[in-house]
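For reference, entry_25.cif is printed below; it contains mmCIF, C-alpha atoms.
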```cif
data_coords
loop_
_atom_site.label_atom_id
_atom_site.label_comp_id
_atom_site.auth_asym_id
_atom_site.auth_seq_id
_atom_site.Cartn_x
_atom_site.Cartn_y
_atom_site.Cartn_z
CA MET A 759 -10.25 -15.57 3.11
CA SER A 760 -11.45 -12.06 2.40
CA LEU A 761 -9.44 -9.08 1.29
CA ILE A 762 -8.96 -6.10 3.55
CA ARG A 763 -11.70 -4.02 1.98
CA LEU A 764 -13.54 -1.08 3.49
CA PRO A 765 -17.22 -0.53 2.83
CA ARG A 766 -17.75 2.15 0.22
CA GLY A 767 -18.12 5.70 1.48
CA LEU A 768 -15.83 5.39 4.49
CA SER A 769 -13.64 8.28 3.42
CA ALA A 770 -13.05 9.26 7.05
CA LEU A 771 -10.55 6.44 7.37
CA VAL A 772 -8.47 7.24 4.32
CA ILE A 773 -8.49 10.18 1.98
CA VAL A 774 -10.14 8.98 -1.21
CA LEU A 775 -7.74 9.98 -3.92
CA ALA A 776 -8.67 10.76 -7.50
CA PRO A 777 -7.96 8.20 -10.24
CA LEU A 778 -4.34 7.69 -11.09
CA ILE A 779 -2.94 10.40 -13.38
CA LEU A 780 0.33 9.59 -15.03
CA THR A 781 2.60 11.80 -17.03
CA ASP A 782 1.16 12.85 -20.36
CA ALA A 783 3.54 11.30 -22.84
CA ALA A 784 2.68 8.02 -24.52
CA PRO A 785 3.98 4.85 -22.87
CA SER A 786 6.95 3.07 -24.35
CA THR A 787 6.93 -0.44 -25.73
CA VAL A 788 5.89 -3.40 -23.61
CA GLN A 789 8.50 -4.67 -21.20
CA THR A 790 10.60 -7.54 -22.49
CA PRO A 791 11.85 -10.46 -20.43
CA GLN A 792 15.37 -9.01 -20.59
CA GLN A 793 14.35 -5.88 -18.66
CA GLU A 794 15.07 -6.06 -14.96
CA SER A 795 12.12 -6.18 -12.60
CA LEU A 796 11.92 -3.38 -10.06
CA ALA A 797 10.02 -5.52 -7.53
CA GLY A 798 11.50 -4.91 -4.09
CA GLN A 799 13.05 -1.60 -5.08
CA LEU A 800 11.89 1.89 -4.20
CA LEU A 801 10.43 4.25 -6.76
CA ILE A 802 11.11 7.88 -5.91
CA ALA A 803 9.21 10.78 -7.46
CA ALA A 804 11.51 13.25 -9.19
CA PRO A 805 11.44 16.80 -7.79
CA THR A 806 9.94 17.83 -11.13
CA MET A 807 7.01 15.37 -10.83
CA ARG A 808 4.01 17.09 -12.40
CA ASP A 809 1.31 14.94 -10.81
CA PRO A 810 0.55 16.45 -7.38
CA ARG A 811 -0.77 13.11 -6.15
CA PHE A 812 2.77 11.75 -6.27
CA ASP A 813 4.64 14.83 -5.11
CA HIS A 814 7.61 13.67 -2.98
CA THR A 815 6.32 10.12 -2.75
CA VAL A 816 8.32 6.95 -2.23
CA ILE A 817 6.75 3.75 -3.54
CA LEU A 818 7.65 0.18 -2.68
CA MET A 819 7.42 -1.79 -5.91
CA VAL A 820 5.49 -5.00 -5.26
CA ARG A 821 5.19 -6.31 -8.81
CA HIS A 822 6.84 -5.39 -12.11
CA ASP A 823 6.64 -7.66 -15.12
CA ARG A 824 5.33 -7.80 -18.68
CA SER A 825 1.76 -7.35 -17.49
CA GLY A 826 2.53 -4.02 -15.80
CA ALA A 827 3.56 -2.79 -12.38
CA LEU A 828 2.08 -2.28 -8.93
CA GLY A 829 3.49 -0.38 -5.99
CA ILE A 830 2.41 1.01 -2.62
CA VAL A 831 3.29 4.48 -1.33
CA ILE A 832 5.08 4.23 2.03
CA ASN A 833 5.49 7.87 3.10
CA LEU A 834 1.95 9.30 3.17
CA PRO A 835 0.55 8.59 6.64
CA ARG A 836 -3.04 9.77 7.04
CA GLU A 837 -4.11 8.95 10.59
CA GLU A 838 -3.62 6.64 13.53
CA ARG A 839 -6.58 4.51 14.48
CA PRO A 840 -7.34 1.90 17.17
CA LEU A 841 -6.98 -1.55 15.69
CA ALA A 842 -10.36 -2.51 17.15
CA SER A 843 -11.92 0.40 15.28
CA LEU A 844 -10.34 -0.68 12.01
CA LEU A 845 -11.61 -4.23 12.45
CA ALA A 846 -15.07 -2.88 13.28
CA LEU A 847 -15.10 -0.91 10.03
CA LEU A 848 -14.31 -4.17 8.28
CA GLY A 849 -17.32 -5.76 9.95
CA GLU A 850 -15.45 -7.69 12.64
CA LYS A 851 -16.10 -6.26 16.09
CA ASP A 852 -13.73 -7.34 18.85
CA ALA A 853 -13.75 -5.09 21.90
CA ASP A 854 -10.81 -6.98 23.42
CA VAL A 855 -8.41 -5.96 20.65
CA GLY A 856 -5.88 -3.39 21.83
CA GLY A 857 -3.31 -1.19 20.19
CA THR A 858 -3.37 1.30 17.36
CA VAL A 859 -2.31 1.21 13.73
CA ARG A 860 -1.16 4.05 11.50
CA ILE A 861 -3.00 4.19 8.18
CA PHE A 862 -1.17 5.19 4.99
CA ALA A 863 -2.52 6.32 1.63
CA GLY A 864 -0.95 3.65 -0.54
CA GLY A 865 -2.02 5.12 -3.86
CA PRO A 866 -5.01 6.36 -5.85
CA VAL A 867 -6.15 3.01 -7.29
CA GLN A 868 -8.86 1.22 -5.26
CA PRO A 869 -8.38 3.25 -2.06
CA GLU A 870 -10.91 1.02 -0.28
CA VAL A 871 -8.60 -2.02 -0.54
CA GLY A 872 -6.01 -2.48 2.19
CA PHE A 873 -2.54 -3.98 2.12
CA VAL A 874 -0.14 -4.81 4.90
CA ILE A 875 3.51 -4.43 3.93
CA HIS A 876 5.46 -6.50 6.41
CA SER A 877 8.67 -8.29 7.26
CA ALA A 878 9.04 -11.55 5.37
CA GLU A 879 9.16 -13.96 8.30
CA TYR A 880 5.35 -13.84 8.40
CA ARG A 881 3.55 -15.81 5.68
CA GLN A 882 0.03 -16.75 4.68
CA PRO A 883 -0.98 -18.68 1.55
CA GLU A 884 -2.02 -15.37 -0.05
CA THR A 885 1.16 -13.50 0.91
CA ILE A 886 3.14 -11.96 -1.92
CA VAL A 887 6.85 -12.31 -1.19
CA VAL A 888 8.46 -9.18 -2.60
CA ASP A 889 12.03 -10.12 -1.71
CA ALA A 890 13.95 -11.79 1.10
CA ASN A 891 13.06 -9.02 3.56
CA VAL A 892 9.63 -7.71 2.62
CA ALA A 893 6.24 -9.23 1.81
CA VAL A 894 2.67 -8.00 1.31
CA THR A 895 -0.56 -9.56 2.57
CA SER A 896 -4.10 -8.32 1.92
CA THR A 897 -6.33 -10.44 4.17
CA ARG A 898 -8.16 -9.66 7.38
CA GLU A 899 -6.37 -12.53 9.09
CA ILE A 900 -3.13 -10.58 9.27
CA LEU A 901 -4.87 -7.81 11.22
CA HIS A 902 -6.15 -10.38 13.70
CA ASP A 903 -2.67 -11.84 14.00
CA ILE A 904 -1.21 -8.39 14.64
CA ALA A 905 -3.85 -7.82 17.31
CA ASP A 906 -3.04 -11.21 18.90
CA HIS A 907 0.72 -10.49 18.78
CA LYS A 908 1.16 -13.31 16.25
CA GLY A 909 1.77 -11.07 13.28
CA PRO A 910 4.95 -9.90 11.56
CA MET A 911 7.69 -8.14 13.49
CA LYS A 912 7.40 -5.08 11.22
CA SER A 913 4.33 -3.88 9.36
CA LEU A 914 2.77 -0.91 7.56
CA VAL A 915 -0.95 -0.71 6.72
CA ALA A 916 -1.93 1.13 3.52
CA PHE A 917 -5.12 1.55 1.53
CA GLY A 918 -4.92 1.89 -2.24
CA TYR A 919 -2.01 1.39 -4.60
CA ALA A 920 -0.30 2.82 -7.68
CA GLY A 921 -0.56 0.87 -10.92
CA TRP A 922 0.92 1.02 -14.41
CA ALA A 923 -0.09 -0.63 -17.66
CA PRO A 924 2.47 -2.67 -19.64
CA GLY A 925 5.37 -0.45 -20.66
CA GLN A 926 3.95 2.63 -18.94
CA LEU A 927 6.38 2.74 -16.03
CA GLU A 928 9.31 2.21 -18.38
CA GLY A 929 8.23 5.27 -20.34
CA GLU A 930 8.01 7.37 -17.18
CA LEU A 931 11.45 6.24 -16.09
CA GLU A 932 12.85 7.21 -19.47
CA ARG A 933 11.35 10.68 -19.00
CA ARG A 934 12.92 10.86 -15.54
CA ALA A 935 9.61 11.21 -13.74
CA TRP A 936 10.93 8.64 -11.26
CA PHE A 937 14.19 7.44 -9.82
CA THR A 938 14.93 4.12 -8.17
CA ALA A 939 16.78 3.04 -5.05
CA PRO A 940 17.46 -0.34 -3.46
CA GLY A 941 14.80 -1.50 -1.02
CA ASP A 942 15.85 -1.14 2.61
CA PRO A 943 13.67 -2.58 5.43
CA LYS A 944 14.91 0.08 7.86
CA LEU A 945 13.79 2.82 5.51
CA ILE A 946 10.50 1.07 4.71
CA PHE A 947 9.51 0.38 8.31
CA ASP A 948 11.65 2.35 10.77
CA GLU A 949 12.65 5.72 9.35
CA GLU A 950 10.57 8.72 10.40
CA ARG A 951 8.07 9.22 7.59
CA ASP A 952 8.94 12.87 7.00
CA LYS A 953 12.53 11.79 6.35
CA VAL A 954 11.81 8.86 4.03
CA TYR A 955 11.80 10.88 0.80
CA ASP A 956 15.13 12.61 1.42
CA ALA A 957 16.74 9.36 2.61
CA ALA A 958 15.51 7.43 -0.43
CA PHE A 959 16.43 10.23 -2.85
CA ALA A 960 19.96 10.29 -1.46
CA ARG A 961 20.26 6.59 -2.36
CA ARG A 962 18.92 6.91 -5.91
CA THR A 963 20.77 4.82 -8.44
CA ARG A 964 20.68 7.46 -11.20
CA ASP A 965 21.79 11.09 -11.12
CA LEU A 966 19.56 13.95 -12.12
#
```
Render the structure in this file as structure tokens.
Amino acid sequence: MSLIRLPRGLSALVIVLAPLILTDAAPSTVQTPQQESLAGQLLIAAPTMRDPRFDHTVILMVRHDRSGALGIVINLPREERPLASLLALLGEKDADVGGTVRIFAGGPVQPEVGFVIHSAEYRQPETIVVDANVAVTSTREILHDIADHKGPMKSLVAFGYAGWAPGQLEGELERRAWFTAPGDPKLIFDEERDKVYDAAFARRTRDL
């Protein structure tokens, strides 16, 4: 089963972002097992975020452990595209496929690789279960299932992701570059995208 991966050079589908630039201070020590994982929570850029690529972004944390962290931005829609057109770009033409899908810029790392954030009732062997409500799948099969009305009830398609080396995210949190909020499926999938940042920021678990 192949990953959702665009051929190189197809920048018309998603804006190809520059390599990830994190805040300039040195990362803190490597995460220990006692530190709580942020997987399933939302990472919210502080209003003082100095990296313009993450200005007013909200990131769903997919993985956070001793090896580092990975998250997908959920509030940067780039365009809406026919699902048949997306499948054609992936090399799988099917003129009978209907419907459209909104494409999000999920982060500056590997912007040619796609992810589908979706409700957790849908599973494939490769699916990463983030928590009881949300999962992530990165195979072409999920796009076919969505087209055939066999896919998840809720979904969000993003290309690229945000990544951190071991201890790096912890250091940025200590410097208050980010805040966190509990994951909420309604906010992840249903809220109007231009309202996601304010809604998530209002739920942050730490004060400024």
What does the distance from atom CA of Arg763 of chain A to atom CA of Pro910 of chain A come to in Å, to one decimal?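 So the answer is 20.1 Å.
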So which residues get picked by the PyMOL selection byres ((chain A and resi 814-822) around 6) here, written as a list in words?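 Applying the expression gives Ser795, Leu796, Ala797, Gly798, Gln799, Leu800, Leu801, Ile802, Ala803, Phe812, Asp813, Asp823, Gly826, Ala827, Leu828, Gly829, Ile830, Val831, Ile832 and Val888 of chain A.
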Atom pair atom CA of Thr897 of chain A / atom CA of Leu914 of chain A: separation (Å): 13.6 Å
Return as lines of an AutoDock Vina configuration file the box centre and box size in Å, one decimal, for an axis-aligned box around all listed atoms of segment 809-819 of chain A padded by 4 Å per side.
```
center_x = 3.8
center_y = 7.3
center_z = -6.5
size_x = 17.1
size_y = 26.2
size_z = 16.6
```
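Each of A:Phe937, A:Val871, A:Leu945, A:Ser896 was compared to Pro805 of chain A using all atoms listed in the file, and A:Phe937 turns out to be the nearest.
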Which residues, named as in the file, does the PyMOL selection byres ((chain A and resi 853-860) around 6) pick out? Answer as a list in words. Glu837, Glu838, Arg839, Pro840, Leu841, Ala842, Asp852, Ile861 and Ala905 of chain A
Please indicate the distance in Å from atom CA of Gly929 of chain A to atom CA of Arg962 of chain A, rounded to one decimal place.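 Straight-line distance from atom CA of Gly929 of chain A to atom CA of Arg962 of chain A works out to 18.0 Å.
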Pick from A:Ala939, A:Val874, A:Leu931, A:Ala923: nearest to Gly909 of chain A, with only C-alpha atoms counted?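 Distance minimum relative to Gly909 of chain A lands on A:Val874.
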In terms of all atoms listed in the file, the residue from A:Arg898, A:Lys953, A:Arg933, A:Lys908 at minimal distance from Leu848 of chain A is A:Arg898
Selected by the PyMOL selection byres ((chain A and resi 913) around 7) in the shown coordinates: which residues, as a list of chain:residue names?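 On the file shown, the PyMOL selection byres ((chain A and resi 913) around 7) covers A:Val874, A:Ile875, A:His876, A:Ser877, A:Pro910, A:Met911, A:Lys912, A:Leu914, A:Val915, A:Phe947.
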Rank A:Ile900, A:Met807, A:Pro835, A:Ala920 by their smallest atom-to-atom distance to Gln882 of chain A, using all atoms listed in the file, and report the top residue only.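 So, comparing all the options, the nearest one is A:Ile900.
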Between A:Arg951, A:Arg824, A:Ala878, A:Arg808, which one has atoms that come closest to Glu928 of chain A, using all atoms listed in the file?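 Nearest to Glu928 of chain A: A:Arg824.
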